[in-house]
Structures are given as structure tokens and as C-alpha cells.
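A.B. asks: Provided herewith is a single structure, encoded as C-alpha cells, for subsequent inquiry.
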Amino acid sequence: MIGESASVAYILETLGTHSEIAKVGRARFSGTMSERNALWRDFRNYTRQAISNFQAAQLVPNRSAALLYYYAMMNFAKAELLDTHSSNIVDRRIGHGLSFSPTAAKTVSGDALIVRDGIFRLLYERRLGKTIRVGERLPVARLLTQIPEIAMQLGTVDGGSCQVAGLYQMLARDANQAWSLIAIADPGVPSGNNVTRKLLARGFEEVERPPDWRDHFAFSRAFNRSLTFYESVRKIDTRGVTTIPAATARIIFDIEDILGLQTSEDFDAWIAPSLYKSRMLPMPPALARYALTYYASSLVRYKPQMFDGQLHPEQAYLFDAIARELAVPMLQDTLSAISQKTVLFRRAGSWRA
């Protein structure tokens, strides 16, 4: 836990410790000293290039910055993947892992990305521990709903709604058992007979609002967000144990296919529904951000008229927000991935005690 808000300066400096300090960088890799040094040098150069692209993007106005942000994230991704996929990356030409035809693009709502062999597919597998098939179709309109940072803009543009909800977790126990209690903020989990709700129901059941819930969740008395509470189906035996077992905190991963890493100081994690209603395709905000930044960068390069402020003011407005709002969350995603641990930021004075 970092006792301040996430900032570009702090995250880039921390990423620099992995790339510029030899003993830190080498520790990521296995093999002989010579092999580890070689991989660290590649890691350092990918990271340096990513940081340069990111800093340059900060100086570019509106959606045009998406091109530099994408190249920053792509180089960070190569650095992240080096310890497991160096043979795919070092001295090799590796594809983006996503494709679409910008010449055929007409509206954002009708476009889709297609998964190919390459960086995105490897990144998906590394971060989620799951594969995504070549040829998988990722509708841009659905990817947009997986990103909480643009919820307001999405609603303004087409009346659409973000499908991602904030989640809080606390651990509870009695004399015999320990369990996880979660609170999901509006808009909550999509209703209906869908794979997201079925997965949640297998791991958690809805319960009434607990008494003194603010105290249990360590909320300020001023906190008044609308919440729905769920208790884990699985319990941990605590008979003869004086503390809550560490395994209790991992119960939440019974629903890991719909969990997303926290990038808001107001929540402990995100509930991110499957990209499709009828079949499970995990798409946490971190990967949706990456995919949409690729999409925006492609349009900026090949079809900038899609963001013409007079012809397509809604699209221009939305993708200006994407370029602005996703920069720091994408850096947070990268920092946690490269650090190989979840890095959380929470400023003093937040809702949590």
C-alpha cells in the first residue's frame, strides 16, 4: 500500500528502479549471469523506450496522444513478457496481437478488434493465466463498457453505461468459521441469466446489509454509496485458531474471472463482467484499456477523420477522454505487473479508515 495518490512521476521513477538498477533488473530473470545480464539490458531498453513515449504523450493534446500511449504500453508489455517469452521477443518481430481494418471503420459502435498471435495474446495469458483464442472478436462498444474511468463520458455520448462496478472486501469470522464479505457498488452485477451472474452466485450469495457495516468495512461516517452485500459460499475452518486464516483473503479469487485490479482509491477491486453474456470471456479493465488504446492509435494513424470534431463530435469527445483518463491507470497496471505484486495507492483522507 502506497500512502499517496498515484502519480506519473512516482510510477515512472519506481519503474526506473527495475530497469536502471542492475541487481533489481537481473533478479527478474533466470539462467547464467551472462544470460541474465543480456535479458536485463533488453528489459532496460524496452522500459526506457516506453517511458520516453509516455512522457512525450503527456505533451500531446487530445486523442492524438493515443498513438504515443500505445507505443509506451507496447514497450512496457515487451519488458513485462521478457522473463517468460524472451524467445518470442528478443531479436524477433512480434505482432501487436490485435488487428482491425481502419479503412473499413465507419463508427466506433460498429468496429471490432480481432485477436491474433502477438503481444496482446501473450499479455492476456500472462496476466490472467488463461488463453484467448486467435480469431476472437472483441467489439469496441463492449470494450468501452469495461473501463470505469470513462463511465461519465460513455453515458454522455450514447446513453450507454459502464458495466464495471467497484468492490469492497472485508474478512469476517465467528467461533467456527471465517469468510469473505463483499460489497458491490452501483451499478452492481448485470442482472439476468448470464455467465457473470452465474459465476458470482457460485462463489457468493446476496445477504442483507450487516449492522454497523461502516465500522466493519472501515468506512467514514460520511460514506453513503449504494451497496449490495454478498457473503462467500466457501468458509474456512477457524476452530482452535485465534486469528483469521490468511486463506480467507483468497476466497475472493473464487470469482477471479470477473475481478479487476484496483485503480481507484475508492475501491478494493473491480467487478468486471464477461465481455459476452452467454459465454465467459474475462476482460478486466487493464486489458480493455490496452486494447482500446491500440484501437485509438490505429485510427489516429490511418483514419483520423473518425475523430473529426465537426463530423463526429461524440467520438472526438469520447476518445479525448480515453487519452486523458486512461494514462495513469495504465501505468498502475504496468507497475503491478512488472513489480509482480499488486501495488495499491490510497491517499490520506480517503473513505477508508
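Each chain in the C-alpha cells gets a letter, A, B and so on, in the order shown; residues start at 1 in every chain, and ligands are counted from 1 in the order they appear.
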Using only C-alpha atoms, which residues sit within 9 Å of range 93-98 of chain A once same-chain residues fewer than 2 positions away are excluded, as a PDB file with N, CA and C atoms, in the first residue's frame?
C.D. replies:
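Saved result, around_26.pdb, follows:
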ATOM      1  N   MET A  74       2.984  -0.822 -25.350  1.00  0.00           N
ATOM      2  CA  MET A  74       3.509  -1.968 -26.070  1.00  0.00           C
ATOM      3  C   MET A  74       4.939  -2.285 -25.617  1.00  0.00           C
ATOM      4  N   ASN A  88      10.182 -15.167 -28.002  1.00  0.00           N
ATOM      5  CA  ASN A  88       9.222 -14.566 -28.924  1.00  0.00           C
ATOM      6  C   ASN A  88       9.535 -13.099 -29.212  1.00  0.00           C
ATOM      7  N   ILE A  89      10.400 -12.500 -28.354  1.00  0.00           N
ATOM      8  CA  ILE A  89      10.560 -11.046 -28.381  1.00  0.00           C
ATOM      9  C   ILE A  89      11.960 -10.603 -28.787  1.00  0.00           C
ATOM     10  N   VAL A  90      12.989 -11.185 -28.164  1.00  0.00           N
ATOM     11  CA  VAL A  90      14.360 -10.719 -28.387  1.00  0.00           C
ATOM     12  C   VAL A  90      14.790 -11.009 -29.826  1.00  0.00           C
ATOM     13  N   ASP A  91      15.191  -9.967 -30.521  1.00  0.00           N
ATOM     14  CA  ASP A  91      15.647 -10.077 -31.919  1.00  0.00           C
ATOM     15  C   ASP A  91      14.598 -10.724 -32.830  1.00  0.00           C
ATOM     16  N   PHE A 100      -7.461  -4.820 -36.823  1.00  0.00           N
ATOM     17  CA  PHE A 100      -8.760  -4.433 -37.380  1.00  0.00           C
ATOM     18  C   PHE A 100      -8.477  -3.580 -38.607  1.00  0.00           C
ATOM     19  N   LEU A 113     -12.177  -5.508 -32.772  1.00  0.00           N
ATOM     20  CA  LEU A 113     -10.791  -5.944 -32.884  1.00  0.00           C
ATOM     21  C   LEU A 113     -10.778  -7.464 -32.991  1.00  0.00           C
ATOM     22  N   ILE A 114      -9.793  -7.987 -33.688  1.00  0.00           N
ATOM     23  CA  ILE A 114      -9.632  -9.427 -33.833  1.00  0.00           C
ATOM     24  C   ILE A 114      -8.309  -9.827 -33.177  1.00  0.00           C
ATOM     25  N   VAL A 115      -8.350 -10.846 -32.326  1.00  0.00           N
ATOM     26  CA  VAL A 115      -7.148 -11.316 -31.645  1.00  0.00           C
ATOM     27  C   VAL A 115      -6.281 -12.117 -32.611  1.00  0.00           C
ATOM     28  N   ARG A 116      -4.987 -11.798 -32.630  1.00  0.00           N
ATOM     29  CA  ARG A 116      -4.004 -12.512 -33.442  1.00  0.00           C
ATOM     30  C   ARG A 116      -2.883 -12.999 -32.528  1.00  0.00           C
ATOM     31  N   ASP A 117      -1.985 -13.792 -33.073  1.00  0.00           N
ATOM     32  CA  ASP A 117      -0.774 -14.107 -32.337  1.00  0.00           C
ATOM     33  C   ASP A 117       0.018 -12.817 -32.139  1.00  0.00           C
ATOM     34  N   GLY A 118       0.574 -12.653 -30.950  1.00  0.00           N
ATOM     35  CA  GLY A 118       1.353 -11.451 -30.702  1.00  0.00           C
ATOM     36  C   GLY A 118       1.248 -10.980 -29.268  1.00  0.00           C
ATOM     37  N   ILE A 119       1.582  -9.719 -29.054  1.00  0.00           N
ATOM     38  CA  ILE A 119       1.766  -9.190 -27.703  1.00  0.00           C
ATOM     39  C   ILE A 119       0.488  -9.264 -26.875  1.00  0.00           C
ATOM     40  N   PHE A 120      -0.639  -8.806 -27.411  1.00  0.00           N
ATOM     41  CA  PHE A 120      -1.861  -8.788 -26.603  1.00  0.00           C
ATOM     42  C   PHE A 120      -2.219 -10.190 -26.126  1.00  0.00           C
ATOM     43  N   ARG A 121      -2.107 -11.149 -27.007  1.00  0.00           N
ATOM     44  CA  ARG A 121      -2.468 -12.525 -26.637  1.00  0.00           C
ATOM     45  C   ARG A 121      -1.547 -13.055 -25.531  1.00  0.00           C
ATOM     46  N   LEU A 122      -0.257 -12.776 -25.620  1.00  0.00           N
ATOM     47  CA  LEU A 122       0.681 -13.200 -24.579  1.00  0.00           C
ATOM     48  C   LEU A 122       0.428 -12.457 -23.272  1.00  0.00           C
ATOM     49  N   VAL A 134      -6.969 -17.255 -31.024  1.00  0.00           N
ATOM     50  CA  VAL A 134      -6.740 -16.476 -32.231  1.00  0.00           C
ATOM     51  C   VAL A 134      -8.054 -16.408 -33.008  1.00  0.00           C
ATOM     52  N   ALA A 291      -6.362  -2.713 -25.141  1.00  0.00           N
ATOM     53  CA  ALA A 291      -6.967  -2.968 -26.445  1.00  0.00           C
ATOM     54  C   ALA A 291      -7.543  -1.686 -27.055  1.00  0.00           C
ATOM     55  N   TYR A 294      -4.829   0.580 -28.363  1.00  0.00           N
ATOM     56  CA  TYR A 294      -4.399   0.100 -29.684  1.00  0.00           C
ATOM     57  C   TYR A 294      -5.379   0.581 -30.763  1.00  0.00           C
ATOM     58  N   TYR A 295      -6.665   0.431 -30.500  1.00  0.00           N
ATOM     59  CA  TYR A 295      -7.690   0.835 -31.468  1.00  0.00           C
ATOM     60  C   TYR A 295      -7.585   2.330 -31.772  1.00  0.00           C
TER      61      TYR A 295
END
A.B. asks: Using only C-alpha atoms, I'd like a table of the residues in range 237-322 of chain A that come within 12 Å of range 142-159 of chain A; for each, show the closest atom pair and its distance in Å rounded to one decimal, ordered by chain and ascending number, as CSV.
C.D. replies:
residue,atom,partner,partner_atom,distance
A:Ile258,CA,A:Gln146,CA,10.8
A:Leu259,CA,A:Gln146,CA,11.4
A:Gly260,CA,A:Gln146,CA,9.9
A:Leu261,CA,A:Pro148,CA,11.7
A:Gln262,CA,A:Pro148,CA,10.6
A:Thr263,CA,A:Glu149,CA,9.2
A:Ser264,CA,A:Glu149,CA,8.9
A:Phe267,CA,A:Pro148,CA,11.6
A:Ala269,CA,A:Pro148,CA,11.5
A:Trp270,CA,A:Pro148,CA,8.8
A:Ile271,CA,A:Gln146,CA,9.6
A:Ala272,CA,A:Gln146,CA,6.5
A:Pro273,CA,A:Gln146,CA,7.8
A:Ser274,CA,A:Gln146,CA,9.1
A:Leu275,CA,A:Arg142,CA,6.6
A:Tyr276,CA,A:Arg142,CA,8.5
A:Lys277,CA,A:Arg142,CA,10.8
A:Leu281,CA,A:Leu143,CA,11.7
A:Pro282,CA,A:Gln146,CA,10.3
A:Met283,CA,A:Gln146,CA,7.3
A:Pro284,CA,A:Gln146,CA,6.9
A:Pro285,CA,A:Ile147,CA,5.2
A:Ala286,CA,A:Ile147,CA,8.2
A:Leu287,CA,A:Leu143,CA,9.2
A:Ala288,CA,A:Leu143,CA,5.6
A:Arg289,CA,A:Ile147,CA,6.8
A:Tyr290,CA,A:Leu143,CA,10.0
A:Ala291,CA,A:Leu143,CA,7.9
A:Leu292,CA,A:Leu143,CA,7.0
A:Thr293,CA,A:Leu143,CA,10.7
A:Tyr294,CA,A:Leu143,CA,11.8
A:Tyr295,CA,A:Leu143,CA,10.5
A:Ala296,CA,A:Leu144,CA,11.6
A:His312,CA,A:Val157,CA,10.8
A:Pro313,CA,A:Val157,CA,9.1
A:Glu314,CA,A:Val157,CA,5.5
A:Gln315,CA,A:Val157,CA,7.8
A:Ala316,CA,A:Val157,CA,10.0
A:Tyr317,CA,A:Gln153,CA,7.9
A:Leu318,CA,A:Gln153,CA,6.1
A:Phe319,CA,A:Gln153,CA,9.3
A:Asp320,CA,A:Gln153,CA,9.9
A:Ala321,CA,A:Ile150,CA,6.8
A:Ile322,CA,A:Ile150,CA,6.8
A.B. asks: Could you check which of A:Ala105, A:Ala178, A:Met1, A:Ile184 is closest to Thr248 in chain A, using only C-alpha atoms?
C.D. replies: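 Among the listed residues, the smallest separation from Thr248 in chain A belongs to A:Ala178.
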A.B. asks: Need to verify the contact set: Leu199 in chain A, 10 Å, only C-alpha atoms, exclusion of same-chain residues closer than 3 positions in sequence. Can you return it as a PDB file with N, CA and C atoms, in the first residue's frame?
C.D. replies:
ATOM      1  N   ASN A 194     -27.062 -14.671 -16.997  1.00  0.00           N
ATOM      2  CA  ASN A 194     -25.842 -14.524 -17.782  1.00  0.00           C
ATOM      3  C   ASN A 194     -24.675 -15.165 -17.039  1.00  0.00           C
ATOM      4  N   VAL A 195     -23.573 -15.363 -17.748  1.00  0.00           N
ATOM      5  CA  VAL A 195     -22.452 -16.111 -17.171  1.00  0.00           C
ATOM      6  C   VAL A 195     -21.808 -15.366 -16.011  1.00  0.00           C
ATOM      7  N   THR A 196     -21.862 -14.039 -16.026  1.00  0.00           N
ATOM      8  CA  THR A 196     -21.272 -13.263 -14.936  1.00  0.00           C
ATOM      9  C   THR A 196     -22.027 -13.494 -13.635  1.00  0.00           C
ATOM     10  N   ARG A 202     -22.082 -18.802  -7.789  1.00  0.00           N
ATOM     11  CA  ARG A 202     -21.370 -19.999  -7.346  1.00  0.00           C
ATOM     12  C   ARG A 202     -20.434 -19.698  -6.177  1.00  0.00           C
ATOM     13  N   GLY A 203     -19.926 -18.461  -6.126  1.00  0.00           N
ATOM     14  CA  GLY A 203     -18.966 -18.140  -5.084  1.00  0.00           C
ATOM     15  C   GLY A 203     -19.515 -17.326  -3.936  1.00  0.00           C
ATOM     16  N   PHE A 204     -20.592 -16.550  -4.202  1.00  0.00           N
ATOM     17  CA  PHE A 204     -21.119 -15.630  -3.192  1.00  0.00           C
ATOM     18  C   PHE A 204     -22.644 -15.592  -3.266  1.00  0.00           C
ATOM     19  N   ASP A 254     -12.239 -16.988  -5.940  1.00  0.00           N
ATOM     20  CA  ASP A 254     -13.219 -17.937  -6.478  1.00  0.00           C
ATOM     21  C   ASP A 254     -13.986 -17.308  -7.643  1.00  0.00           C
ATOM     22  N   ILE A 255     -13.974 -15.980  -7.711  1.00  0.00           N
ATOM     23  CA  ILE A 255     -14.646 -15.280  -8.816  1.00  0.00           C
ATOM     24  C   ILE A 255     -13.625 -14.466  -9.625  1.00  0.00           C
ATOM     25  N   GLU A 256     -12.401 -14.974  -9.739  1.00  0.00           N
ATOM     26  CA  GLU A 256     -11.337 -14.191 -10.368  1.00  0.00           C
ATOM     27  C   GLU A 256     -11.618 -13.853 -11.827  1.00  0.00           C
ATOM     28  N   ASP A 257     -12.445 -14.630 -12.501  1.00  0.00           N
ATOM     29  CA  ASP A 257     -12.744 -14.332 -13.905  1.00  0.00           C
ATOM     30  C   ASP A 257     -13.484 -13.006 -14.079  1.00  0.00           C
ATOM     31  N   ILE A 258     -14.070 -12.499 -13.003  1.00  0.00           N
ATOM     32  CA  ILE A 258     -14.770 -11.216 -13.107  1.00  0.00           C
ATOM     33  C   ILE A 258     -14.169 -10.172 -12.163  1.00  0.00           C
ATOM     34  N   PRO A 273     -17.616  -7.673 -15.678  1.00  0.00           N
ATOM     35  CA  PRO A 273     -18.334  -8.813 -16.238  1.00  0.00           C
ATOM     36  C   PRO A 273     -17.652  -9.398 -17.464  1.00  0.00           C
ATOM     37  N   SER A 274     -18.034 -10.609 -17.795  1.00  0.00           N
ATOM     38  CA  SER A 274     -17.575 -11.227 -19.028  1.00  0.00           C
ATOM     39  C   SER A 274     -17.909 -10.317 -20.204  1.00  0.00           C
ATOM     40  N   MET A 280     -18.226 -17.148 -21.053  1.00  0.00           N
ATOM     41  CA  MET A 280     -17.273 -16.403 -20.258  1.00  0.00           C
ATOM     42  C   MET A 280     -16.051 -16.010 -21.082  1.00  0.00           C
TER      43      MET A 280
END
A.B. asks: List every residue of range 118-225 of chain A that DSSP, applied to the backbone of this structure, places in helix (DSSP H, G or I), and write the result as a VMD selection string.
C.D. replies: chain A and resid 119 to 128 140 to 144 148 to 158 195 to 203 213 to 216
A.B. asks: For the selection just defined, write its residues with C-alpha atoms to a file, as a PDB file, in the first residue's frame.
C.D. replies:
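Done, and the output landed in selection_3.pdb:
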ATOM      1  CA  ILE A 119       1.766  -9.190 -27.703  1.00  0.00           C
ATOM      2  CA  PHE A 120      -1.861  -8.788 -26.603  1.00  0.00           C
ATOM      3  CA  ARG A 121      -2.468 -12.525 -26.637  1.00  0.00           C
ATOM      4  CA  LEU A 122       0.681 -13.200 -24.579  1.00  0.00           C
ATOM      5  CA  LEU A 123      -0.188 -10.382 -22.183  1.00  0.00           C
ATOM      6  CA  TYR A 124      -3.697 -11.772 -21.697  1.00  0.00           C
ATOM      7  CA  GLU A 125      -2.295 -15.213 -20.918  1.00  0.00           C
ATOM      8  CA  ARG A 126       0.323 -13.884 -18.511  1.00  0.00           C
ATOM      9  CA  ARG A 127      -1.959 -11.621 -16.521  1.00  0.00           C
ATOM     10  CA  LEU A 128      -4.992 -13.877 -16.372  1.00  0.00           C
ATOM     11  CA  VAL A 140     -15.176  -1.957 -29.398  1.00  0.00           C
ATOM     12  CA  ALA A 141     -18.564  -0.938 -27.982  1.00  0.00           C
ATOM     13  CA  ARG A 142     -18.282  -3.681 -25.355  1.00  0.00           C
ATOM     14  CA  LEU A 143     -14.659  -2.881 -24.560  1.00  0.00           C
ATOM     15  CA  LEU A 144     -15.735   0.686 -23.806  1.00  0.00           C
ATOM     16  CA  PRO A 148     -14.679   2.621 -15.338  1.00  0.00           C
ATOM     17  CA  GLU A 149     -12.664   5.806 -15.908  1.00  0.00           C
ATOM     18  CA  ILE A 150     -14.845   6.857 -18.863  1.00  0.00           C
ATOM     19  CA  ALA A 151     -18.246   5.947 -17.401  1.00  0.00           C
ATOM     20  CA  MET A 152     -19.494   9.538 -17.410  1.00  0.00           C
ATOM     21  CA  GLN A 153     -18.342  10.246 -20.972  1.00  0.00           C
ATOM     22  CA  LEU A 154     -19.806   6.997 -22.253  1.00  0.00           C
ATOM     23  CA  GLY A 155     -23.182   7.913 -20.802  1.00  0.00           C
ATOM     24  CA  THR A 156     -22.989  11.391 -22.302  1.00  0.00           C
ATOM     25  CA  VAL A 157     -22.126  10.195 -25.802  1.00  0.00           C
ATOM     26  CA  ASP A 158     -24.681   7.467 -26.388  1.00  0.00           C
ATOM     27  CA  VAL A 195     -22.452 -16.111 -17.171  1.00  0.00           C
ATOM     28  CA  THR A 196     -21.272 -13.263 -14.936  1.00  0.00           C
ATOM     29  CA  ARG A 197     -24.156 -13.577 -12.506  1.00  0.00           C
ATOM     30  CA  LYS A 198     -23.884 -17.379 -12.537  1.00  0.00           C
ATOM     31  CA  LEU A 199     -20.206 -17.197 -11.599  1.00  0.00           C
ATOM     32  CA  LEU A 200     -20.895 -14.759  -8.778  1.00  0.00           C
ATOM     33  CA  ALA A 201     -23.705 -16.990  -7.468  1.00  0.00           C
ATOM     34  CA  ARG A 202     -21.370 -19.999  -7.346  1.00  0.00           C
ATOM     35  CA  GLY A 203     -18.966 -18.140  -5.084  1.00  0.00           C
ATOM     36  CA  TRP A 213     -21.377  -2.137   8.211  1.00  0.00           C
ATOM     37  CA  ARG A 214     -19.446   1.125   8.051  1.00  0.00           C
ATOM     38  CA  ASP A 215     -17.377   0.073  11.063  1.00  0.00           C
ATOM     39  CA  HIS A 216     -16.775  -3.407   9.660  1.00  0.00           C
TER      40      HIS A 216
END
A.B. asks: Taking into account only C-alpha atoms, which residue in the set A:Glu20, A:Asp174, A:Asp111, A:Glu325 is nearest to Met306 in chain A?
C.D. replies: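 Under the stated criterion, the closest residue is A:Asp111.
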A.B. asks: Between CA of Phe43 in chain A and CA of Gly129 in chain A, what is the distance, to one decimal in Å?
C.D. replies: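 Answer for the CA of Phe43 in chain A to CA of Gly129 in chain A separation: 21.9 Å.
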A.B. asks: Please provide as a list of chain:residue names all residues within 7 Å of Ile2 in chain A, with the sequence filter that same-chain residues fewer than 5 positions apart are discarded (counting only C-alpha atoms).
C.D. replies: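 What passes the distance filter is A:Leu344, A:Phe345, A:Arg346.
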A.B. asks: Given the selection you just returned, output its residues as a file containing C-alpha atoms, formatted as a PDB file, in the first residue's frame.
C.D. replies:
ATOM      1  CA  LEU A 344      -2.198  -0.081  -4.311  1.00  0.00           C
ATOM      2  CA  PHE A 345      -2.419   3.668  -3.846  1.00  0.00           C
ATOM      3  CA  ARG A 346      -4.591   5.342  -1.241  1.00  0.00           C
TER       4      ARG A 346
END
A.B. asks: Of the candidates A:Gln305, A:Gln163, A:Thr32, A:Gln177, which one gets nearest to Arg234 in chain A if we count only C-alpha atoms?
C.D. replies: A:Gln177
A.B. asks: Interatomic distance between CA of Ser7 in chain A and CA of Val300 in chain A?
C.D. replies: 26.1 Å
A.B. asks: Pick from A:Tyr69, A:Arg92, A:Pro139, A:Ala79: nearest to Ala112 in chain A, with only C-alpha atoms counted?
C.D. replies: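 For Ala112 in chain A, the nearest of the given residues is A:Pro139.
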A.B. asks: Going by DSSP on the backbone, which residues of range 37-285 of chain A come out as strand (DSSP E)? List them as a PyMOL selection string.
C.D. replies: chain A and resi 96-99+112-118+137-139+165-173+177-185+204-207+227-232+236-237+259-260+269-271
A.B. asks: If you measure from CA of Thr131 in chain A to CA of Ser336 in chain A, what distance in Å do you get, rounded to one decimal?
C.D. replies: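 Distance between the two atoms: 20.4 Å.
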